[in-house]
$ cat structure_28.txt   # compact mmCIF, C-alpha atoms
# COMPACT_ATOMS: atom_id res chain seq x y z
CA MET A 1 0.00 0.00 0.00
CA ILE A 2 1.34 3.41 -1.02
CA SER A 3 1.44 6.12 1.63
CA PHE A 4 3.21 9.44 2.19
CA LYS A 5 5.04 11.30 4.94
CA THR A 6 7.37 14.29 5.04
CA ILE A 7 11.09 13.69 5.50
CA GLU A 8 10.96 15.13 9.00
CA HIS A 9 9.72 11.64 9.92
CA LEU A 10 13.02 10.13 8.71
CA THR A 11 16.45 10.47 10.24
CA PHE A 12 18.94 12.44 8.15
CA LYS A 13 20.77 9.18 7.51
CA GLU A 14 17.59 7.52 6.21
CA ALA A 15 16.71 10.53 4.04
CA HIS A 16 20.24 10.65 2.62
CA LYS A 17 20.14 6.94 1.76
CA LEU A 18 16.76 7.32 0.04
CA PHE A 19 17.89 10.38 -1.92
CA THR A 20 21.05 8.61 -3.09
CA ARG A 21 19.14 5.48 -4.12
CA GLY A 22 16.46 7.61 -5.79
CA PHE A 23 19.08 8.96 -8.20
CA GLU A 24 20.90 5.66 -8.72
CA GLY A 25 21.45 5.07 -12.44
CA TYR A 26 20.34 8.62 -13.21
CA PHE A 27 21.96 10.67 -15.98
CA ILE A 28 24.03 12.38 -13.28
CA PRO A 29 23.92 10.33 -10.05
CA MET A 30 23.58 12.53 -6.96
CA GLN A 31 26.56 11.28 -5.00
CA MET A 32 27.14 13.35 -1.87
CA SER A 33 28.15 12.66 1.70
CA LEU A 34 25.65 12.71 4.54
CA ASP A 35 27.14 15.98 5.79
CA ALA A 36 26.85 17.54 2.33
CA PHE A 37 23.23 16.37 2.04
CA VAL A 38 22.29 17.90 5.39
CA ALA A 39 24.13 21.13 4.52
CA ARG A 40 22.31 21.32 1.19
CA LEU A 41 18.94 21.32 2.92
CA GLY A 42 19.89 24.40 4.88
CA ASN A 43 21.97 26.23 2.29
CA GLU A 44 19.34 25.94 -0.42
CA GLY A 45 16.29 26.55 1.74
CA LEU A 46 14.83 23.06 1.39
CA SER A 47 12.20 22.27 4.00
CA THR A 48 11.82 18.98 5.87
CA GLU A 49 8.14 19.88 6.38
CA LEU A 50 7.53 20.31 2.64
CA SER A 51 9.69 17.48 1.30
CA VAL A 52 7.73 14.31 0.58
CA VAL A 53 8.59 10.65 1.04
CA MET A 54 6.61 7.88 -0.66
CA PHE A 55 6.32 4.53 1.14
CA ASP A 56 5.32 1.04 0.07
CA GLU A 57 4.11 -0.29 3.41
CA GLU A 58 7.10 0.59 5.64
CA ILE A 59 9.67 0.86 2.83
CA PRO A 60 10.61 4.40 1.66
CA ILE A 61 10.67 4.27 -2.14
CA GLY A 62 10.53 7.85 -3.43
CA ILE A 63 11.40 11.40 -2.44
CA VAL A 64 10.77 15.00 -3.49
CA LEU A 65 12.82 17.78 -1.87
CA GLN A 66 11.00 21.13 -1.76
CA GLY A 67 11.30 24.65 -0.44
CA ILE A 68 9.39 27.95 -0.59
CA ARG A 69 10.67 31.52 -0.62
CA GLU A 70 8.62 34.70 -0.65
CA VAL A 71 9.38 37.44 -3.17
CA ASP A 72 7.32 40.64 -3.38
CA GLY A 73 4.50 38.93 -1.50
CA GLN A 74 4.50 35.94 -3.83
CA LYS A 75 5.40 32.46 -2.58
CA ILE A 76 7.65 30.68 -5.07
CA ALA A 77 8.32 26.97 -4.59
CA TRP A 78 11.19 24.84 -5.86
CA ASN A 79 11.58 21.12 -6.45
CA GLY A 80 15.16 20.39 -5.45
CA GLY A 81 15.16 16.78 -6.57
CA THR A 82 12.70 13.98 -7.37
CA GLY A 83 13.80 10.37 -7.21
CA ILE A 84 12.35 6.86 -7.02
CA ILE A 85 14.48 3.86 -6.09
CA PRO A 86 15.30 1.63 -9.10
CA GLU A 87 13.07 -1.34 -8.31
CA TYR A 88 9.95 0.87 -8.24
CA ARG A 89 10.54 2.75 -11.47
CA GLY A 90 8.34 2.19 -14.50
CA LYS A 91 5.22 1.77 -12.36
CA LYS A 92 3.82 5.28 -12.98
CA LEU A 93 4.54 6.28 -9.39
CA GLY A 94 6.32 9.48 -10.40
CA THR A 95 3.09 11.26 -11.25
CA ILE A 96 1.49 10.21 -7.96
CA LEU A 97 4.54 11.39 -6.01
CA MET A 98 4.65 14.76 -7.77
CA GLU A 99 0.93 15.36 -7.31
CA LYS A 100 1.30 14.72 -3.58
CA ALA A 101 4.22 17.15 -3.45
CA LEU A 102 2.12 19.81 -5.19
CA GLU A 103 -0.66 19.29 -2.64
CA LEU A 104 1.71 20.36 0.13
CA LEU A 105 2.67 23.49 -1.81
CA LYS A 106 -0.99 24.39 -2.28
CA GLN A 107 -1.55 24.05 1.46
CA GLN A 108 1.19 26.62 1.98
CA SER A 109 -0.46 29.00 -0.52
CA ALA A 110 2.43 28.83 -2.96
CA SER A 111 1.44 30.49 -6.21
CA VAL A 112 4.28 29.29 -8.46
CA ALA A 113 6.19 26.00 -8.54
CA THR A 114 9.57 25.73 -10.29
CA LEU A 115 12.09 23.04 -11.10
CA GLU A 116 14.97 22.22 -13.40
CA ALA A 117 15.40 19.05 -15.44
CA LEU A 118 18.25 17.81 -17.58
CA SER A 119 17.51 18.57 -21.22
CA VAL A 120 18.22 14.95 -22.17
CA ASN A 121 15.83 13.57 -19.56
CA HIS A 122 12.79 13.51 -21.83
CA PRO A 123 10.73 11.11 -19.67
CA ALA A 124 11.01 13.43 -16.65
CA ILE A 125 10.17 16.51 -18.72
CA LYS A 126 7.14 14.72 -20.16
CA LEU A 127 6.00 13.75 -16.66
CA TYR A 128 6.29 17.34 -15.40
CA GLU A 129 4.42 18.66 -18.43
CA LYS A 130 1.67 16.14 -17.76
CA ILE A 131 0.98 17.70 -14.35
CA GLY A 132 1.05 21.27 -15.61
CA TYR A 133 4.65 22.45 -15.75
CA GLU A 134 5.85 24.37 -18.82
CA VAL A 135 9.37 24.72 -20.17
CA ILE A 136 10.26 28.41 -19.81
CA ASP A 137 13.87 28.48 -20.96
CA THR A 138 17.11 26.56 -21.44
CA LEU A 139 19.80 26.76 -18.76
CA HIS A 140 23.39 26.83 -19.94
CA PHE A 141 26.63 25.43 -18.52
CA TRP A 142 29.63 27.00 -20.30
CA GLU A 143 33.30 27.26 -19.40
CA ALA A 144 36.55 29.05 -20.21
CA ASP A 145 40.09 28.97 -18.82
CA GLY A 146 43.05 31.32 -18.79
CA VAL A 147 43.33 35.04 -19.46
CA LEU A 148 40.61 36.47 -21.74
CA PRO A 149 40.59 39.70 -23.80
CA PHE A 150 39.91 42.70 -21.52
CA ASP A 151 38.73 46.02 -22.98
CA GLU A 152 40.14 48.85 -20.81
CA ASP A 153 38.10 51.52 -22.62
CA LEU A 154 34.92 49.56 -21.99
CA ALA A 155 35.75 49.22 -18.30
CA SER A 156 36.27 52.98 -17.92
CA GLU A 157 33.05 53.89 -19.75
CA PHE A 158 30.82 52.91 -16.81
CA SER A 159 30.81 53.10 -13.06
CA LEU A 160 31.31 49.49 -11.94
CA LYS A 161 30.44 48.44 -8.42
CA ARG A 162 30.68 45.12 -6.57
CA ILE A 163 28.23 44.46 -3.75
CA PRO A 164 27.45 41.32 -1.70
CA ALA A 165 24.90 39.18 -3.53
CA LEU A 166 22.41 39.33 -0.68
CA GLN A 167 22.24 43.11 -1.00
CA ALA A 168 20.92 42.61 -4.53
CA ALA A 169 18.06 40.39 -3.38
CA ASN A 170 14.67 42.09 -3.76
CA ALA A 171 16.40 45.22 -5.05
CA GLY A 172 14.82 45.10 -8.51
CA ILE A 173 18.16 44.45 -10.22
CA PHE A 174 17.58 40.82 -11.11
CA PRO A 175 14.31 39.09 -12.12
CA THR A 176 12.40 37.24 -9.43
CA LEU A 177 11.17 34.19 -11.35
CA VAL A 178 14.48 32.43 -11.95
CA PRO A 179 15.99 29.00 -11.34
CA TRP A 180 16.08 28.70 -7.55
CA GLN A 181 19.83 28.18 -7.18
CA VAL A 182 20.79 31.34 -9.08
CA ASP A 183 18.71 33.77 -7.04
CA PRO A 184 20.89 36.19 -5.02
CA SER A 185 19.07 35.18 -1.83
CA VAL A 186 19.81 31.47 -2.18
CA ILE A 187 23.10 30.20 -3.55
CA PRO A 188 25.84 32.85 -3.61
CA LYS A 189 26.02 33.41 0.15
CA VAL A 190 29.76 32.70 0.37
CA GLY A 191 31.81 34.63 -2.18
CA GLY A 192 28.67 35.77 -3.99
CA GLU A 193 28.68 39.23 -5.53
CA ALA A 194 26.61 41.37 -7.86
CA VAL A 195 28.62 43.46 -10.31
CA ILE A 196 26.62 46.49 -11.46
CA ALA A 197 27.28 48.97 -14.29
CA THR A 198 25.74 52.41 -13.92
CA LYS A 199 25.89 55.73 -15.76
CA ASN A 200 24.28 58.88 -14.41
CA GLU A 201 22.99 56.73 -11.51
CA GLU A 202 21.04 54.49 -13.91
CA VAL A 203 21.61 50.75 -13.68
CA LEU A 204 22.34 49.59 -17.22
CA ALA A 205 23.47 45.99 -16.64
CA ALA A 206 24.48 43.60 -13.89
CA CYS A 207 25.75 40.10 -13.31
CA LEU A 208 25.70 37.73 -10.36
CA VAL A 209 28.84 35.72 -9.68
CA ARG A 210 30.52 33.64 -7.00
CA THR A 211 34.27 33.46 -6.63
CA LYS A 212 36.40 30.66 -5.28
CA GLN A 213 39.18 32.20 -3.22
CA GLN A 214 41.14 31.48 -0.07
CA TYR A 215 41.79 34.41 2.25
CA GLY A 216 45.00 36.16 1.22
CA SER A 217 45.24 34.26 -2.07
CA GLU A 218 44.40 35.05 -5.68
CA VAL A 219 40.99 34.15 -7.10
CA GLU A 220 41.04 30.51 -8.24
CA GLY A 221 37.73 30.36 -10.09
CA VAL A 222 34.47 32.16 -10.70
CA THR A 223 30.93 31.07 -11.62
CA LEU A 224 28.35 33.19 -13.42
CA PHE A 225 24.72 32.72 -12.34
CA GLN A 226 22.87 35.62 -13.92
CA ALA A 227 23.51 38.44 -16.38
CA VAL A 228 20.90 41.11 -17.11
CA ILE A 229 20.70 44.13 -19.35
CA ASN A 230 18.28 46.91 -18.50
CA LYS A 231 18.75 49.20 -21.47
CA GLU A 232 17.85 47.97 -24.94
CA ASP A 233 20.45 49.81 -26.99
CA GLU A 234 24.14 49.71 -27.85
CA GLU A 235 25.12 51.39 -24.60
CA GLY A 236 23.22 48.80 -22.58
CA GLU A 237 24.95 46.01 -24.45
CA ARG A 238 28.34 47.58 -23.81
CA ALA A 239 27.45 47.84 -20.13
CA LEU A 240 26.62 44.13 -20.13
CA HIS A 241 30.01 43.35 -21.64
CA ALA A 242 31.68 45.56 -19.03
CA VAL A 243 30.12 43.74 -16.06
CA LEU A 244 30.87 40.34 -17.57
CA GLN A 245 34.56 41.01 -18.16
CA GLU A 246 34.80 42.54 -14.69
CA GLY A 247 32.73 39.93 -12.87
CA LEU A 248 34.45 37.01 -14.58
CA TYR A 249 37.98 38.35 -14.03
CA PHE A 250 39.00 38.34 -17.68
CA GLN A 251 42.46 39.69 -16.77
CA HIS A 252 43.26 36.69 -14.55
CA SER A 253 44.21 33.15 -15.45
CA LEU A 254 41.55 31.00 -13.79
CA LYS A 255 38.64 28.61 -14.31
CA ARG A 256 35.32 30.21 -15.33
CA THR A 257 31.96 28.48 -15.51
CA THR A 258 28.31 29.37 -15.92
CA TYR A 259 25.65 27.64 -13.84
CA ASN A 260 21.98 27.37 -14.82
CA LEU A 261 22.46 30.53 -16.87
CA VAL A 262 19.46 31.99 -18.69
CA ASP A 263 20.35 34.20 -21.65
CA TYR A 264 17.41 36.58 -21.18
CA LYS A 265 18.03 38.96 -24.08
CA GLN A 266 20.16 36.61 -26.23
CA LYS A 267 23.18 38.84 -25.62
CA THR A 268 25.25 37.11 -22.95
CA LEU A 269 26.23 33.82 -24.57
CA SER A 270 27.21 35.37 -27.90
CA PHE A 271 29.59 37.73 -26.09
CA LEU A 272 31.05 34.94 -23.95
CA GLN A 273 31.52 32.73 -27.00
CA ASN A 274 33.39 35.50 -28.79
CA GLN A 275 35.68 35.81 -25.77
CA GLY A 276 36.57 32.11 -25.66
CA PHE A 277 33.78 30.40 -23.69
CA LYS A 278 32.63 26.99 -24.90
CA SER A 279 29.44 25.07 -24.24
CA THR A 280 29.67 21.90 -22.20
CA GLU A 281 27.55 18.84 -22.93
CA LEU A 282 25.32 19.68 -19.98
CA SER A 283 22.15 21.77 -20.16
CA GLN A 284 18.88 21.91 -18.29
CA VAL A 285 15.41 23.28 -18.85
CA PHE A 286 13.70 25.67 -16.44
CA MET A 287 10.11 24.59 -15.83
CA VAL A 288 7.31 26.51 -14.13
CA LYS A 289 3.80 25.66 -13.00
CA LYS A 290 1.96 28.94 -12.44
CA SER A 291 -1.45 27.76 -11.30
CA LEU A 292 -1.39 25.91 -7.97
CA THR A 293 -4.74 27.05 -6.60
$ encode --input "structure_28.txt" --output "structure tokens"
Amino acid sequence: MISFKTIEHLTFKEAHKLFTRGFEGYFIPMQMSLDAFVARLGNEGLSTELSVVMFDEEIPIGIVLQGIREVDGQKIAWNGGTGIIPEYRGKKLGTILMEKALELLKQQSASVATLEALSVNHPAIKLYEKIGYEVIDTLHFWEADGVLPFDEDLASEFSLKRIPALQAANAGIFPTLVPWQVDPSVIPKVGGEAVIATKNEEVLAACLVRTKQQYGSEVEGVTLFQAVINKEDEEGERALHAVLQEGLYFQHSLKRTTYNLVDYKQKTLSFLQNQGFKSTELSQVFMVKKSLT
């Protein structure tokens, strides 16, 4: 008999084992230590009261990790991972599990549900579409190494400012309906910064990055999460280029990556490609279900 509980009824060790088994044989197996799993729940705002476990009698067989954050009075939910252990796959339990997870979100008055799925995982995407999710955009994972071309004139054309990522949350700089892990309030808490280009006190463009750096040492790497342009003209595009070359440390020899990057205005990736970035084999789709009531 199939039943459901939230993961608060499991020990962290039991939840970690179920999560690991739920992604066994997946396109990208979710291999992480127990400590990393517990830390992820807190760092990414995943709730034990909202995350669902499916049981067959007393055996835990499926899991959905979920969280909710409030932005401008709107409750936005995120599915941080859905998995069913191998021996129970192919029995159409995924739809039942997801519908139960959505019930919990409705009870919390969430108005929007979001998730990401690997672009190659067509069965999962089809399942999510079946219960009302829509593909909103493609999320890109690109990379580049070494020193990249840096335009000094471009850098001096704008006033460039770095601020802690959390100061950019709810400031109207970045869009609110984005992949959960790239929001300034969620992932870039350590080493996360917003780089902003202004002219005459007008914000023209900005990017959200996180650096990898030991205290007293040079920057070792940097990841780009978001890049936005707020002025639809040549000057706005130049401002975008300025924040990208600044935020991604073009003058330094290091590892650069993008993570779940949405190219909102179709301007970011073309610039990065021209500067030496290359696409990896990995991409995801950003999916949204807007009607939960």
$ closest_residue --input "structure_28.txt" --among "A:Asp72, A:Glu152, A:Asp183, A:Glu14" --to "A:Val38" --atoms "all atoms listed in the file"
A:Glu14
$ closest_residue --input "structure_28.txt" --among "A:Ala144, A:Ile63, A:Ala113, A:Leu160" --to "A:Leu97" --atoms "all atoms listed in the file"
A:Ile63
$ residues_around --input "structure_28.txt" --residues "stretch 196-213 of chain A" --least-positions-apart "2" --cutoff "8 Å" --atoms "all atoms listed in the file" --output "PyMOL selection string"
chain A and resi 158-162+165+173-174+184+188+190-194+215+217-231+236-237+239-240+242-244+247-248
$ closest_residue --input "structure_28.txt" --among "A:Leu254, A:Met54, A:Leu154, A:Leu127" --to "A:Ile84" --atoms "only C-alpha atoms"
A:Met54
$ atom_distance --input "structure_28.txt" --atom1 "atom CA of A:Glu134" --atom2 "atom CA of A:Glu99"
15.4 Å
$ atom_distance --input "structure_28.txt" --atom1 "atom CA of A:Lys289" --atom2 "atom CA of A:Ile7"
23.2 Å
$ atom_distance --input "structure_28.txt" --atom1 "atom CA of A:Phe12" --atom2 "atom CA of A:Ile85"
17.2 Å
$ closest_residue --input "structure_28.txt" --among "A:Glu143, A:Glu234, A:Glu157, A:Glu103" --to "A:Lys278" --atoms "all atoms listed in the file"
A:Glu143
$ decode --input "structure_28.txt" --residues "stretch 161-176 of chain A" --atoms "all heavy atoms" --output "CSV table (one decimal), in the first residue's frame"
chain,number,residue,atom,x,y,z
A,161,LYS,N,30.5,48.6,-9.9
A,161,LYS,CA,30.4,48.4,-8.4
A,161,LYS,C,30.2,47.0,-8.1
A,161,LYS,O,29.3,46.3,-8.7
A,161,LYS,CB,29.4,49.3,-7.8
A,161,LYS,CG,29.2,49.2,-6.3
A,161,LYS,CD,28.1,50.0,-5.7
A,161,LYS,CE,28.3,51.5,-5.9
A,161,LYS,NZ,27.3,52.2,-5.2
A,162,ARG,N,30.9,46.5,-7.1
A,162,ARG,CA,30.7,45.1,-6.6
A,162,ARG,C,30.0,45.2,-5.2
A,162,ARG,O,30.4,46.0,-4.4
A,162,ARG,CB,32.0,44.4,-6.4
A,162,ARG,CG,32.6,43.9,-7.7
A,162,ARG,CD,34.0,43.2,-7.4
A,162,ARG,NE,34.6,42.7,-8.6
A,162,ARG,CZ,34.4,41.5,-9.1
A,162,ARG,NH1,33.6,40.6,-8.5
A,162,ARG,NH2,35.0,41.1,-10.2
A,163,ILE,N,28.9,44.5,-5.0
A,163,ILE,CA,28.2,44.5,-3.8
A,163,ILE,C,28.0,43.0,-3.4
A,163,ILE,O,27.9,42.1,-4.3
A,163,ILE,CB,26.9,45.3,-3.8
A,163,ILE,CG1,25.9,44.6,-4.7
A,163,ILE,CG2,27.2,46.7,-4.1
A,163,ILE,CD1,24.5,45.2,-4.7
A,164,PRO,N,27.8,42.7,-2.1
A,164,PRO,CA,27.4,41.3,-1.7
A,164,PRO,C,26.1,40.9,-2.4
A,164,PRO,O,25.2,41.7,-2.5
A,164,PRO,CB,27.3,41.4,-0.2
A,164,PRO,CG,28.2,42.6,0.2
A,164,PRO,CD,28.0,43.5,-0.9
A,165,ALA,N,26.1,39.7,-2.8
A,165,ALA,CA,24.9,39.2,-3.5
A,165,ALA,C,23.6,39.4,-2.8
A,165,ALA,O,22.6,39.8,-3.4
A,165,ALA,CB,25.1,37.7,-3.9
A,166,LEU,N,23.6,39.2,-1.5
A,166,LEU,CA,22.4,39.3,-0.7
A,166,LEU,C,21.9,40.7,-0.7
A,166,LEU,O,20.7,40.9,-0.5
A,166,LEU,CB,22.7,38.9,0.8
A,166,LEU,CG,22.8,37.4,1.0
A,166,LEU,CD1,23.1,37.0,2.4
A,166,LEU,CD2,21.5,36.6,0.5
A,167,GLN,N,22.7,41.7,-0.9
A,167,GLN,CA,22.2,43.1,-1.0
A,167,GLN,C,21.5,43.4,-2.3
A,167,GLN,O,20.7,44.3,-2.4
A,167,GLN,CB,23.4,44.1,-0.9
A,167,GLN,CG,24.1,44.2,0.5
A,167,GLN,CD,25.1,45.2,0.5
A,167,GLN,OE1,25.2,46.1,-0.3
A,167,GLN,NE2,26.0,45.2,1.6
A,168,ALA,N,21.6,42.5,-3.3
A,168,ALA,CA,20.9,42.6,-4.5
A,168,ALA,C,19.6,41.9,-4.5
A,168,ALA,O,18.8,42.1,-5.4
A,168,ALA,CB,21.8,42.1,-5.7
A,169,ALA,N,19.3,41.1,-3.5
A,169,ALA,CA,18.1,40.4,-3.4
A,169,ALA,C,16.9,41.4,-3.1
A,169,ALA,O,17.0,42.3,-2.3
A,169,ALA,CB,18.1,39.4,-2.2
A,170,ASN,N,15.9,41.2,-3.9
A,170,ASN,CA,14.7,42.1,-3.8
A,170,ASN,C,15.0,43.6,-4.0
A,170,ASN,O,14.2,44.4,-3.5
A,170,ASN,CB,14.0,41.9,-2.4
A,170,ASN,CG,13.6,40.5,-2.1
A,170,ASN,OD1,13.1,39.8,-2.9
A,170,ASN,ND2,13.9,40.0,-0.9
A,171,ALA,N,16.0,43.8,-4.8
A,171,ALA,CA,16.4,45.2,-5.1
A,171,ALA,C,16.0,45.7,-6.4
A,171,ALA,O,16.2,46.8,-6.9
A,171,ALA,CB,17.9,45.4,-4.9
A,172,GLY,N,15.3,44.8,-7.2
A,172,GLY,CA,14.8,45.1,-8.5
A,172,GLY,C,15.9,45.1,-9.6
A,172,GLY,O,15.6,45.4,-10.7
A,173,ILE,N,17.1,44.5,-9.2
A,173,ILE,CA,18.2,44.5,-10.2
A,173,ILE,C,18.0,43.2,-11.1
A,173,ILE,O,18.2,43.2,-12.3
A,173,ILE,CB,19.5,44.5,-9.5
A,173,ILE,CG1,19.7,45.8,-8.7
A,173,ILE,CG2,20.7,44.3,-10.5
A,173,ILE,CD1,20.9,45.8,-7.8
A,174,PHE,N,17.7,42.1,-10.4
A,174,PHE,CA,17.6,40.8,-11.1
A,174,PHE,C,16.1,40.4,-11.1
A,174,PHE,O,15.4,40.7,-10.2
A,174,PHE,CB,18.5,39.8,-10.4
A,174,PHE,CG,19.9,40.1,-10.5
A,174,PHE,CD1,20.6,40.7,-9.4
A,174,PHE,CD2,20.7,39.8,-11.6
A,174,PHE,CE1,21.9,41.0,-9.4
A,174,PHE,CE2,22.0,40.1,-11.7
A,174,PHE,CZ,22.6,40.7,-10.6
A,175,PRO,N,15.7,39.6,-12.1
A,175,PRO,CA,14.3,39.1,-12.1
A,175,PRO,C,14.0,38.2,-10.9
A,175,PRO,O,15.0,37.6,-10.4
A,175,PRO,CB,14.2,38.4,-13.5
A,175,PRO,CG,15.6,38.0,-13.8
A,175,PRO,CD,16.5,39.1,-13.3
A,176,THR,N,12.8,38.0,-10.6
A,176,THR,CA,12.4,37.2,-9.4
A,176,THR,C,12.1,35.8,-9.8
A,176,THR,O,12.3,34.9,-9.0
A,176,THR,CB,11.2,37.9,-8.7
A,176,THR,OG1,10.1,38.0,-9.6
A,176,THR,CG2,11.5,39.2,-8.1
